>>> print(open('data37.pdb').read())   # PDB, C-alpha atoms
ATOM      1  CA  MET E   1      13.533  74.990 206.938
ATOM      2  CA  LYS E   2       9.866  74.097 206.475
ATOM      3  CA  ILE E   3       9.408  72.277 203.158
ATOM      4  CA  VAL E   4       6.086  71.461 201.511
ATOM      5  CA  PHE E   5       5.509  69.311 198.434
ATOM      6  CA  VAL E   6       2.187  70.018 196.762
ATOM      7  CA  GLY E   7       1.454  66.724 195.086
ATOM      8  CA  ALA E   8       2.528  63.514 196.791
ATOM      9  CA  GLY E   9       2.922  61.406 193.672
ATOM     10  CA  GLY E  10       6.060  59.936 192.194
ATOM     11  CA  VAL E  11       8.105  63.133 192.441
ATOM     12  CA  GLY E  12       6.790  64.930 195.521
ATOM     13  CA  GLY E  13       6.201  61.738 197.455
ATOM     14  CA  TYR E  14       9.622  60.296 196.703
ATOM     15  CA  PHE E  15      11.707  63.358 197.522
ATOM     16  CA  GLY E  16       9.470  64.340 200.431
ATOM     17  CA  ALA E  17       9.882  60.899 201.993
ATOM     18  CA  ARG E  18      13.663  60.939 201.583
ATOM     19  CA  LEU E  19      13.928  64.371 203.183
ATOM     20  CA  ALA E  20      11.592  63.439 206.048
ATOM     21  CA  ALA E  21      13.559  60.244 206.715
ATOM     22  CA  ALA E  22      16.649  62.409 207.277
ATOM     23  CA  GLY E  23      14.813  64.571 209.801
ATOM     24  CA  ALA E  24      13.780  67.504 207.613
ATOM     25  CA  ASP E  25      10.552  69.382 208.384
ATOM     26  CA  VAL E  26       8.404  68.187 205.464
ATOM     27  CA  ALA E  27       4.696  68.115 204.757
ATOM     28  CA  LEU E  28       2.760  66.855 201.743
ATOM     29  CA  VAL E  29      -0.423  68.157 200.170
ATOM     30  CA  ALA E  30      -2.254  65.145 198.778
ATOM     31  CA  ARG E  31      -5.767  63.913 198.101
ATOM     32  CA  GLY E  32      -7.999  60.885 197.756
ATOM     33  CA  PRO E  33      -6.990  57.293 198.557
ATOM     34  CA  HIS E  34      -3.293  58.230 198.343
ATOM     35  CA  LEU E  35      -3.749  60.770 201.164
ATOM     36  CA  ALA E  36      -5.710  58.282 203.268
ATOM     37  CA  ALA E  37      -3.036  55.611 202.848
ATOM     38  CA  ILE E  38      -0.206  57.999 203.760
ATOM     39  CA  ARG E  39      -2.025  59.124 206.884
ATOM     40  CA  ALA E  40      -2.778  55.541 207.913
ATOM     41  CA  GLY E  41       0.634  53.957 207.357
ATOM     42  CA  GLY E  42       3.144  56.506 206.114
ATOM     43  CA  ILE E  43       4.466  56.737 202.591
ATOM     44  CA  ARG E  44       6.121  53.623 201.178
ATOM     45  CA  ILE E  45       9.054  53.867 198.728
ATOM     46  CA  GLU E  46      10.161  50.836 196.716
ATOM     47  CA  SER E  47      13.522  51.640 195.141
ATOM     48  CA  ALA E  48      16.896  50.240 194.173
ATOM     49  CA  GLN E  49      18.219  53.175 196.201
ATOM     50  CA  GLY E  50      16.679  51.618 199.294
ATOM     51  CA  ASP E  51      13.118  50.814 200.372
ATOM     52  CA  LEU E  52      11.479  53.049 202.930
ATOM     53  CA  VAL E  53       8.294  53.368 204.946
ATOM     54  CA  GLN E  54       8.176  56.907 206.283
ATOM     55  CA  PRO E  55       5.593  58.562 208.523
ATOM     56  CA  ILE E  56       5.013  62.064 207.167
ATOM     57  CA  ARG E  57       2.512  64.853 207.629
ATOM     58  CA  ALA E  58      -0.038  64.914 204.808
ATOM     59  CA  GLU E  59      -2.971  67.276 204.414
ATOM     60  CA  ALA E  60      -5.651  67.910 201.818
ATOM     61  CA  ASP E  61      -5.961  71.598 202.702
ATOM     62  CA  PRO E  62      -2.827  73.780 202.406
ATOM     63  CA  ALA E  63      -4.266  76.083 205.093
ATOM     64  CA  ALA E  64      -3.823  73.264 207.623
ATOM     65  CA  ILE E  65      -0.046  73.462 207.054
ATOM     66  CA  GLY E  66       0.425  77.224 206.913
ATOM     67  CA  PRO E  67       3.315  79.278 205.496
ATOM     68  CA  ALA E  68       6.464  77.391 204.498
ATOM     69  CA  ASP E  69      10.000  78.386 203.630
ATOM     70  CA  ILE E  70       9.934  76.565 200.311
ATOM     71  CA  VAL E  71       6.990  75.093 198.412
ATOM     72  CA  PHE E  72       7.543  72.595 195.603
ATOM     73  CA  LEU E  73       4.789  72.012 193.063
ATOM     74  CA  ALA E  74       4.910  68.390 191.901
ATOM     75  CA  ILE E  75       1.591  68.159 190.082
ATOM     76  CA  LYS E  76       0.407  67.538 186.550
ATOM     77  CA  LEU E  77       0.654  70.541 184.257
ATOM     78  CA  TRP E  78      -3.085  70.963 183.758
ATOM     79  CA  ASP E  79      -3.484  71.611 187.513
ATOM     80  CA  LEU E  80      -1.011  74.495 187.617
ATOM     81  CA  GLU E  81      -3.250  77.558 187.441
ATOM     82  CA  ALA E  82      -5.804  76.233 189.938
ATOM     83  CA  THR E  83      -3.053  75.033 192.282
ATOM     84  CA  ALA E  84      -1.257  78.384 192.095
ATOM     85  CA  ARG E  85      -4.349  79.904 193.691
ATOM     86  CA  GLN E  86      -4.900  77.099 196.188
ATOM     87  CA  ILE E  87      -1.389  77.277 197.679
ATOM     88  CA  ALA E  88      -1.814  80.877 198.866
ATOM     89  CA  PRO E  89      -1.988  79.775 202.563
ATOM     90  CA  LEU E  90       1.479  78.216 202.165
ATOM     91  CA  VAL E  91       3.058  81.400 200.795
ATOM     92  CA  GLY E  92       4.260  83.878 203.396
ATOM     93  CA  PRO E  93       6.411  86.984 202.943
ATOM     94  CA  GLN E  94       9.657  84.959 202.697
ATOM     95  CA  THR E  95       8.371  81.828 200.947
ATOM     96  CA  SER E  96      10.035  80.512 197.796
ATOM     97  CA  VAL E  97       7.817  78.680 195.303
ATOM     98  CA  VAL E  98       9.354  76.122 192.946
ATOM     99  CA  SER E  99       7.747  74.189 190.110
ATOM    100  CA  LEU E 100       9.105  70.694 189.459
ATOM    101  CA  GLN E 101       6.740  70.257 186.525
ATOM    102  CA  ASN E 102       7.748  69.132 183.088
ATOM    103  CA  GLY E 103       6.932  72.119 180.892
ATOM    104  CA  VAL E 104       8.386  75.598 180.417
ATOM    105  CA  ASP E 105       5.323  77.714 181.305
ATOM    106  CA  ALA E 106       5.128  77.221 185.077
ATOM    107  CA  ALA E 107       7.458  80.002 186.199
ATOM    108  CA  ASP E 108       5.420  82.619 184.327
ATOM    109  CA  VAL E 109       2.188  81.451 185.959
ATOM    110  CA  LEU E 110       3.771  81.525 189.414
ATOM    111  CA  ARG E 111       5.355  84.941 188.856
ATOM    112  CA  ALA E 112       1.954  86.343 187.937
ATOM    113  CA  ALA E 113       0.514  84.933 191.166
ATOM    114  CA  TYR E 114       3.296  85.689 193.656
ATOM    115  CA  GLY E 115       5.844  88.008 192.060
ATOM    116  CA  PRO E 116       9.188  87.160 190.458
ATOM    117  CA  GLU E 117      11.153  87.524 193.685
ATOM    118  CA  ARG E 118       9.461  84.463 195.207
ATOM    119  CA  VAL E 119       9.720  82.136 192.230
ATOM    120  CA  LEU E 120      12.583  79.679 191.800
ATOM    121  CA  GLY E 121      13.004  77.095 189.074
ATOM    122  CA  GLY E 122      13.280  73.360 189.488
ATOM    123  CA  VAL E 123      13.787  70.143 187.563
ATOM    124  CA  ALA E 124      13.233  66.558 188.696
ATOM    125  CA  HIS E 125      14.887  63.617 186.973
ATOM    126  CA  ILE E 126      13.271  60.435 188.228
ATOM    127  CA  ALA E 127      11.074  57.616 186.892
ATOM    128  CA  THR E 128       8.340  56.558 189.302
ATOM    129  CA  THR E 129       4.813  55.246 189.434
ATOM    130  CA  ILE E 130       2.218  55.060 192.195
ATOM    131  CA  SER E 131       1.838  51.301 192.346
ATOM    132  CA  ALA E 132      -0.850  51.465 195.054
ATOM    133  CA  PRO E 133      -2.265  54.190 197.302
ATOM    134  CA  GLY E 134       0.549  55.310 199.577
ATOM    135  CA  THR E 135       3.198  53.377 197.621
ATOM    136  CA  ILE E 136       5.670  54.838 195.122
ATOM    137  CA  ARG E 137       7.764  52.528 192.951
ATOM    138  CA  HIS E 138      11.031  54.052 191.743
ATOM    139  CA  THR E 139      12.241  52.480 188.507
ATOM    140  CA  GLY E 140      15.932  52.708 187.698
ATOM    141  CA  THR E 141      18.409  54.503 189.918
ATOM    142  CA  LEU E 142      18.258  58.106 188.686
ATOM    143  CA  ALA E 143      16.718  60.414 191.311
ATOM    144  CA  ARG E 144      17.984  63.971 190.936
ATOM    145  CA  ILE E 145      16.466  67.312 191.855
ATOM    146  CA  THR E 146      17.814  70.576 190.449
ATOM    147  CA  VAL E 147      16.909  73.979 191.890
ATOM    148  CA  GLY E 148      18.004  77.470 190.959
ATOM    149  CA  ALA E 149      17.066  81.138 190.984
ATOM    150  CA  PHE E 150      16.461  82.884 187.679
ATOM    151  CA  GLY E 151      19.362  85.288 187.163
ATOM    152  CA  GLN E 152      20.905  84.722 190.609
ATOM    153  CA  PRO E 153      23.422  81.844 190.761
ATOM    154  CA  ASP E 154      23.978  81.900 194.542
ATOM    155  CA  HIS E 155      20.489  82.407 195.940
ATOM    156  CA  PRO E 156      20.620  81.684 199.711
ATOM    157  CA  ARG E 157      17.361  79.679 199.745
ATOM    158  CA  VAL E 158      18.664  77.459 196.935
ATOM    159  CA  LEU E 159      21.939  76.835 198.753
ATOM    160  CA  ALA E 160      20.158  76.125 202.052
ATOM    161  CA  PHE E 161      17.826  73.592 200.439
ATOM    162  CA  ALA E 162      20.699  71.940 198.580
ATOM    163  CA  ASP E 163      22.546  71.482 201.868
ATOM    164  CA  ILE E 164      19.523  69.821 203.484
ATOM    165  CA  ALA E 165      18.961  67.567 200.466
ATOM    166  CA  LYS E 166      22.611  66.481 200.378
ATOM    167  CA  LYS E 167      22.444  65.529 204.045
ATOM    168  CA  ALA E 168      19.414  63.384 203.163
ATOM    169  CA  GLY E 169      21.457  61.537 200.546
ATOM    170  CA  ILE E 170      19.592  63.108 197.633
ATOM    171  CA  ASP E 171      21.369  63.843 194.375
ATOM    172  CA  VAL E 172      20.772  67.605 194.290
ATOM    173  CA  VAL E 173      22.124  70.306 191.973
ATOM    174  CA  ALA E 174      22.097  74.042 192.688
ATOM    175  CA  SER E 175      21.944  75.261 189.098
ATOM    176  CA  PRO E 176      23.671  78.541 188.177
ATOM    177  CA  ASP E 177      21.417  78.790 185.094
ATOM    178  CA  ILE E 178      18.080  77.223 185.945
ATOM    179  CA  ALA E 179      16.393  78.358 182.709
ATOM    180  CA  LYS E 180      18.969  76.354 180.781
ATOM    181  CA  SER E 181      18.451  73.342 183.067
ATOM    182  CA  ILE E 182      14.678  73.488 182.560
ATOM    183  CA  TRP E 183      14.992  73.686 178.784
ATOM    184  CA  GLU E 184      17.561  70.885 178.623
ATOM    185  CA  LYS E 185      15.019  68.588 180.228
ATOM    186  CA  PHE E 186      12.171  69.976 178.138
ATOM    187  CA  VAL E 187      13.999  69.304 174.863
ATOM    188  CA  PHE E 188      14.408  65.677 175.891
ATOM    189  CA  LEU E 189      11.033  65.156 177.531
ATOM    190  CA  ALA E 190       8.871  66.709 174.822
ATOM    191  CA  ALA E 191      10.400  64.315 172.300
ATOM    192  CA  PHE E 192      10.401  61.278 174.608
ATOM    193  CA  SER E 193       6.794  61.786 175.690
ATOM    194  CA  ALA E 194       5.514  62.301 172.167
ATOM    195  CA  ILE E 195       7.296  59.372 170.529
ATOM    196  CA  THR E 196       6.599  56.794 173.249
ATOM    197  CA  ALA E 197       2.938  57.794 173.491
ATOM    198  CA  ALA E 198       2.428  57.939 169.726
ATOM    199  CA  THR E 199       4.006  54.505 169.176
ATOM    200  CA  ARG E 200       2.686  53.007 172.449
ATOM    201  CA  LEU E 201       6.159  51.515 172.871
ATOM    202  CA  PRO E 202       9.024  51.749 175.362
ATOM    203  CA  LYS E 203      12.348  53.113 174.193
ATOM    204  CA  GLY E 204      13.933  49.800 173.185
ATOM    205  CA  ALA E 205      11.143  48.671 170.888
ATOM    206  CA  LEU E 206      10.733  52.006 169.115
ATOM    207  CA  TRP E 207      14.494  52.468 168.760
ATOM    208  CA  LYS E 208      14.797  49.436 166.475
ATOM    209  CA  ALA E 209      13.292  51.313 163.520
ATOM    210  CA  GLU E 210      15.589  53.767 161.717
ATOM    211  CA  ALA E 211      12.645  55.907 160.608
ATOM    212  CA  THR E 212      11.518  56.247 164.225
ATOM    213  CA  ARG E 213      15.010  57.206 165.357
ATOM    214  CA  GLU E 214      15.035  59.923 162.706
ATOM    215  CA  THR E 215      11.658  61.134 163.938
ATOM    216  CA  VAL E 216      13.171  61.460 167.414
ATOM    217  CA  ARG E 217      16.047  63.457 165.951
ATOM    218  CA  ARG E 218      13.645  65.863 164.244
ATOM    219  CA  LEU E 219      11.600  66.281 167.425
ATOM    220  CA  ILE E 220      14.758  67.202 169.321
ATOM    221  CA  GLU E 221      15.982  69.612 166.654
ATOM    222  CA  GLU E 222      12.658  71.471 166.610
ATOM    223  CA  SER E 223      12.766  71.967 170.388
ATOM    224  CA  VAL E 224      16.403  73.075 170.339
ATOM    225  CA  ALA E 225      15.612  75.662 167.660
ATOM    226  CA  LEU E 226      12.762  76.958 169.818
ATOM    227  CA  ALA E 227      14.953  77.184 172.924
ATOM    228  CA  ARG E 228      17.513  79.265 171.043
ATOM    229  CA  ALA E 229      14.751  81.539 169.725
ATOM    230  CA  GLN E 230      13.669  81.992 173.356
ATOM    231  CA  GLY E 231      17.196  83.160 174.215
ATOM    232  CA  VAL E 232      18.201  80.046 176.171
ATOM    233  CA  ALA E 233      21.935  79.369 176.051
ATOM    234  CA  LEU E 234      21.886  75.678 175.171
ATOM    235  CA  ALA E 235      25.155  74.014 174.172
ATOM    236  CA  SER E 236      26.048  74.108 170.487
ATOM    237  CA  ASP E 237      25.774  70.304 170.383
ATOM    238  CA  GLN E 238      22.608  70.070 172.510
ATOM    239  CA  ALA E 239      20.670  68.158 169.852
ATOM    240  CA  GLU E 240      23.360  65.473 169.606
ATOM    241  CA  ARG E 241      23.689  65.293 173.387
ATOM    242  CA  THR E 242      19.953  64.758 173.748
ATOM    243  CA  PHE E 243      19.882  62.142 171.009
ATOM    244  CA  GLY E 244      22.697  60.361 172.840
ATOM    245  CA  MET E 245      20.626  60.415 176.047
ATOM    246  CA  PHE E 246      17.846  58.637 174.166
ATOM    247  CA  GLN E 247      20.226  56.013 172.890
ATOM    248  CA  SER E 248      21.633  55.278 176.348
ATOM    249  CA  MET E 249      18.275  54.947 178.114
ATOM    250  CA  PRO E 250      17.136  51.534 179.364
ATOM    251  CA  ASP E 251      15.100  49.689 176.744
ATOM    252  CA  ALA E 252      12.154  49.251 179.114
ATOM    253  CA  MET E 253      11.812  52.980 179.831
ATOM    254  CA  LYS E 254       8.428  54.585 179.163
ATOM    255  CA  SER E 255       7.407  58.208 179.518
ATOM    256  CA  SER E 256       4.871  59.282 182.119
ATOM    257  CA  MET E 257       2.688  60.346 179.186
ATOM    258  CA  LEU E 258       2.644  56.773 177.906
ATOM    259  CA  HIS E 259       1.756  55.526 181.403
ATOM    260  CA  ASP E 260      -1.097  58.063 181.481
ATOM    261  CA  LEU E 261      -2.258  56.989 178.024
ATOM    262  CA  GLU E 262      -2.250  53.315 179.015
ATOM    263  CA  ARG E 263      -4.479  53.962 182.019
ATOM    264  CA  GLY E 264      -6.799  56.300 180.155
ATOM    265  CA  ALA E 265      -5.750  59.421 182.052
ATOM    266  CA  ARG E 266      -5.439  62.965 180.798
ATOM    267  CA  LEU E 267      -2.200  63.765 178.942
ATOM    268  CA  GLU E 268       0.250  66.643 179.380
ATOM    269  CA  LEU E 269       0.372  66.918 175.585
ATOM    270  CA  PRO E 270      -0.654  70.616 175.323
ATOM    271  CA  TRP E 271       2.211  71.645 177.619
ATOM    272  CA  LEU E 272       4.889  69.481 175.969
ATOM    273  CA  SER E 273       4.710  68.976 172.191
ATOM    274  CA  GLY E 274       1.775  71.370 172.141
ATOM    275  CA  ALA E 275       3.952  74.035 173.735
ATOM    276  CA  VAL E 276       6.694  73.465 171.157
ATOM    277  CA  VAL E 277       4.179  74.120 168.382
ATOM    278  CA  ARG E 278       2.570  77.113 170.118
ATOM    279  CA  LEU E 279       5.801  78.862 171.123
ATOM    280  CA  SER E 280       7.505  78.114 167.798
ATOM    281  CA  ALA E 281       4.697  79.923 165.977
ATOM    282  CA  ARG E 282       5.356  83.038 168.090
ATOM    283  CA  HIS E 283       8.891  83.131 166.717
ATOM    284  CA  GLY E 284       7.900  82.412 163.132
ATOM    285  CA  LEU E 285       9.292  78.888 163.382
ATOM    286  CA  GLU E 286       7.683  75.664 162.271
ATOM    287  CA  ALA E 287       7.620  72.466 164.318
ATOM    288  CA  PRO E 288       6.002  70.012 161.884
ATOM    289  CA  THR E 289       7.105  66.811 163.632
ATOM    290  CA  HIS E 290       5.744  67.868 167.001
ATOM    291  CA  ALA E 291       2.602  69.150 165.255
ATOM    292  CA  ALA E 292       2.051  65.788 163.577
ATOM    293  CA  LEU E 293       2.291  63.901 166.879
ATOM    294  CA  VAL E 294       0.045  66.438 168.608
ATOM    295  CA  GLY E 295      -2.515  65.660 165.924
ATOM    296  CA  ALA E 296      -2.082  61.917 166.348
ATOM    297  CA  LEU E 297      -2.469  62.079 170.132
ATOM    298  CA  ALA E 298      -5.113  64.814 170.344
ATOM    299  CA  PRO E 299      -8.077  62.385 170.621
ATOM    300  CA  HIS E 300      -6.484  60.982 173.794
ATOM    301  CA  ALA E 301      -5.456  64.299 175.364
ATOM    302  CA  ASP E 302      -8.450  64.522 177.716
ATOM    303  CA  GLY E 303      -8.381  60.867 178.682
ATOM    304  CA  ALA E 304     -10.209  57.682 177.730
ATOM    305  CA  ALA E 305     -13.659  59.040 178.570
ATOM    306  CA  ASN E 306     -13.282  61.653 175.856
ATOM    307  CA  VAL E 307     -12.236  59.001 173.295
ATOM    308  CA  ARG E 308     -15.279  56.861 174.093
ATOM    309  CA  SER E 309     -17.774  59.731 173.926
TER
END
>>> encode(input="data37.pdb", output="structure tokens")
Amino acid sequence: MKIVFVGAGGVGGYFGARLAAAGADVALVARGPHLAAIRAGGIRIESAQGDLVQPIRAEADPAAIGPADIVFLAIKLWDLEATARQIAPLVGPQTSVVSLQNGVDAADVLRAAYGPERVLGGVAHIATTISAPGTIRHTGTLARITVGAFGQPDHPRVLAFADIAKKAGIDVVASPDIAKSIWEKFVFLAAFSAITAATRLPKGALWKAEATRETVRRLIEESVALARAQGVALASDQAERTFGMFQSMPDAMKSSMLHDLERGARLELPWLSGAVVRLSARHGLEAPTHAALVGALAPHADGAANVRS
């Protein structure tokens, strides 16, 4: 199976390197200094799961790689529509395309570009940063990838990839209900991203204040209500489960949105809390807590240059 990760950052780079180290046929689409470093010395993983320096094929132009069996998009949400067009050389008649992005809009964009029969769903659970060009630092020990076909629990491409990933020692789940899996993460991540970015604090520091914990609870409840309005079969106690996940997280944990805010980068705000507000309105629902944090973070959404201008 020929596997391509479009985006060689913390998600695509980490899982691509682990698969390549086990002998899988993997290529990365990358750019800039990160691409140059990978080409020069391989991709370096620093992780409690084991450090690794792995030679791996990396290209700037998808056409240099050609059609793949499965293409994973591991890019920021604002790049989705442009990237969906750029990956056309990777997509042959039998190619499956999977988004590992954080939001809930990606599958619709990919279906419009390539048809529903080629689009699978995916979820990545991992905390990473690019600590230097070519180097990915994995924080914590969680590193899970979930893949599934919408409406088809036993899709052969999903099962084949899961088998390869297991042989590489990756924690992989073949989800029988990938829409549910995507929304379970979204409910958590929309709240986690918004509250850590708005407070500029990691989980432990913000969790000390009862009022902030209650804000987290309201953020979760608004997203759960939206998921149910969308027809997603979340568990009856999903809000409490998600709140419990917050409580059990390491105190030092920050969201990728907070990392982006700290370095003055663009934020995924419109596709996380912004999406909760936008989609809730379609169903006649209100999401006032998400809306308030969207307002608080809006000046930073396009990055530090926009704030300074």
>>> resolve_selection(input="data37.pdb", expression="the PyMOL selection byres ((chain E and resi 250-260) around 9)", output="PyMOL selection string")
chain E and resi 127-129+139-140+189+192-194+196-198+200-205+207+246-249+261-269+303
>>> resolve_selection(input="data37.pdb", expression="the PyMOL selection byres ((chain E and resi 43) around 8)", output="PyMOL selection string")
chain E and resi 13+17+37-38+41-42+44-45+52-56+134-136
>>> resolve_selection(input="data37.pdb", expression="the PyMOL selection byres ((chain E and resi 233) around 10)", output="PDB file with C-alpha atoms, in the frame of the given file")
ATOM      1  CA  ASP E 177      21.417  78.790 185.094  1.00  0.00           C
ATOM      2  CA  ALA E 179      16.393  78.358 182.709  1.00  0.00           C
ATOM      3  CA  LYS E 180      18.969  76.354 180.781  1.00  0.00           C
ATOM      4  CA  SER E 181      18.451  73.342 183.067  1.00  0.00           C
ATOM      5  CA  TRP E 183      14.992  73.686 178.784  1.00  0.00           C
ATOM      6  CA  GLU E 184      17.561  70.885 178.623  1.00  0.00           C
ATOM      7  CA  ALA E 227      14.953  77.184 172.924  1.00  0.00           C
ATOM      8  CA  ARG E 228      17.513  79.265 171.043  1.00  0.00           C
ATOM      9  CA  ALA E 229      14.751  81.539 169.725  1.00  0.00           C
ATOM     10  CA  GLN E 230      13.669  81.992 173.356  1.00  0.00           C
ATOM     11  CA  GLY E 231      17.196  83.160 174.215  1.00  0.00           C
ATOM     12  CA  VAL E 232      18.201  80.046 176.171  1.00  0.00           C
ATOM     13  CA  LEU E 234      21.886  75.678 175.171  1.00  0.00           C
ATOM     14  CA  ALA E 235      25.155  74.014 174.172  1.00  0.00           C
ATOM     15  CA  SER E 236      26.048  74.108 170.487  1.00  0.00           C
ATOM     16  CA  GLN E 238      22.608  70.070 172.510  1.00  0.00           C
TER      17      GLN E 238
END
>>> residues_around(input="data37.pdb", residues="Leu279 of chain E", least_positions_apart="4", cutoff="12 Å", atoms="all atoms listed in the file", output="list in words")
Gly103, Val104, Asp105, Glu222, Ser223, Ala225, Leu226, Ala227, Arg228, Ala229, Gln230, Pro270, Trp271, Leu272, Ser273, Gly274, Ala275, His283, Gly284, Leu285, Glu286, Ala287, His290 and Ala291 of chain E
>>> axis_aligned_box(input="data37.pdb", around="segment 17-20 of chain E", padding_each_side="8 Å", output="JSON")
{"center_x": 11.9, "center_y": 62.6, "center_z": 203.8, "size_x": 20.0, "size_y": 19.5, "size_z": 20.5}
>>> closest_atom_pairs(input="data37.pdb", of="segment 132-211 of chain E", to="segment 63-72 of chain E", cutoff="12 Å", atoms="all atoms listed in the file", output="tab-separated table")
residue	atom	partner	partner_atom	distance
E:Ile145	CA	E:Phe72	CA	11.0
E:Thr146	CA	E:Phe72	CA	11.7
E:Val147	CA	E:Phe72	CA	10.2
E:Pro156	CA	E:Asp69	CA	11.8
E:Arg157	CA	E:Ile70	CA	8.1
E:Val158	CA	E:Ile70	CA	9.4
E:Ala160	CA	E:Ile70	CA	10.4
E:Phe161	CA	E:Ile70	CA	8.4
E:Ala162	CA	E:Ile70	CA	11.8
>>> residues_around(input="data37.pdb", residues="Val172 of chain E", least_positions_apart="2", cutoff="10 Å", atoms="all atoms listed in the file", output="list in words")
Ala124, Ala143, Arg144, Ile145, Thr146, Val147, Phe161, Ala162, Asp163, Ile164, Ala165, Lys166, Ala168, Gly169, Ile170, Ala174 and Ser175 of chain E
>>> closest_residue(input="data37.pdb", among="E:Ala298, E:His138, E:Ile220, E:Val97", to="Ser47 of chain E", atoms="all atoms listed in the file")
E:His138
>>> residues_near_point(input="data37.pdb", point="(2.5, 70.9, 189.0)", cutoff="8 Å", atoms="all atoms listed in the file", output="compact mmCIF listing (two decimals) with C-alpha atoms, keeping the file's coordinate frame")
# COMPACT_ATOMS: atom_id res chain seq x y z
CA VAL E 6 2.19 70.02 196.76
CA GLY E 7 1.45 66.72 195.09
CA LEU E 73 4.79 72.01 193.06
CA ALA E 74 4.91 68.39 191.90
CA ILE E 75 1.59 68.16 190.08
CA LYS E 76 0.41 67.54 186.55
CA LEU E 77 0.65 70.54 184.26
CA TRP E 78 -3.08 70.96 183.76
CA ASP E 79 -3.48 71.61 187.51
CA LEU E 80 -1.01 74.50 187.62
CA THR E 83 -3.05 75.03 192.28
CA SER E 99 7.75 74.19 190.11
CA LEU E 100 9.10 70.69 189.46
CA GLN E 101 6.74 70.26 186.52
CA ALA E 106 5.13 77.22 185.08
>>> residues_around(input="data37.pdb", residues="Glu221 of chain E", least_positions_apart="3", cutoff="10 Å", atoms="all atoms listed in the file", output="PDB file with C-alpha atoms, in the frame of the given file")
ATOM      1  CA  VAL E 187      13.999  69.304 174.863  1.00  0.00           C
ATOM      2  CA  ALA E 191      10.400  64.315 172.300  1.00  0.00           C
ATOM      3  CA  THR E 215      11.658  61.134 163.938  1.00  0.00           C
ATOM      4  CA  VAL E 216      13.171  61.460 167.414  1.00  0.00           C
ATOM      5  CA  ARG E 217      16.047  63.457 165.951  1.00  0.00           C
ATOM      6  CA  ARG E 218      13.645  65.863 164.244  1.00  0.00           C
ATOM      7  CA  VAL E 224      16.403  73.075 170.339  1.00  0.00           C
ATOM      8  CA  ALA E 225      15.612  75.662 167.660  1.00  0.00           C
ATOM      9  CA  LEU E 226      12.762  76.958 169.818  1.00  0.00           C
ATOM     10  CA  ALA E 227      14.953  77.184 172.924  1.00  0.00           C
ATOM     11  CA  GLN E 238      22.608  70.070 172.510  1.00  0.00           C
ATOM     12  CA  ALA E 239      20.670  68.158 169.852  1.00  0.00           C
ATOM     13  CA  GLU E 240      23.360  65.473 169.606  1.00  0.00           C
ATOM     14  CA  THR E 242      19.953  64.758 173.748  1.00  0.00           C
ATOM     15  CA  PHE E 243      19.882  62.142 171.009  1.00  0.00           C
ATOM     16  CA  ALA E 287       7.620  72.466 164.318  1.00  0.00           C
ATOM     17  CA  THR E 289       7.105  66.811 163.632  1.00  0.00           C
TER      18      THR E 289
END
>>> closest_residue(input="data37.pdb", among="E:Ala20, E:Lys208, E:Pro133, E:Arg278", to="Ala40 of chain E", atoms="all atoms listed in the file")
E:Pro133
>>> closest_residue(input="data37.pdb", among="E:Leu120, E:Ala24, E:Ile130, E:Ala112", to="Leu159 of chain E", atoms="all atoms listed in the file")
E:Leu120
>>> atom_distance(input="data37.pdb", atom1="atom CA of Tyr114 of chain E", atom2="atom CA of Pro62 of chain E")
16.0 Å
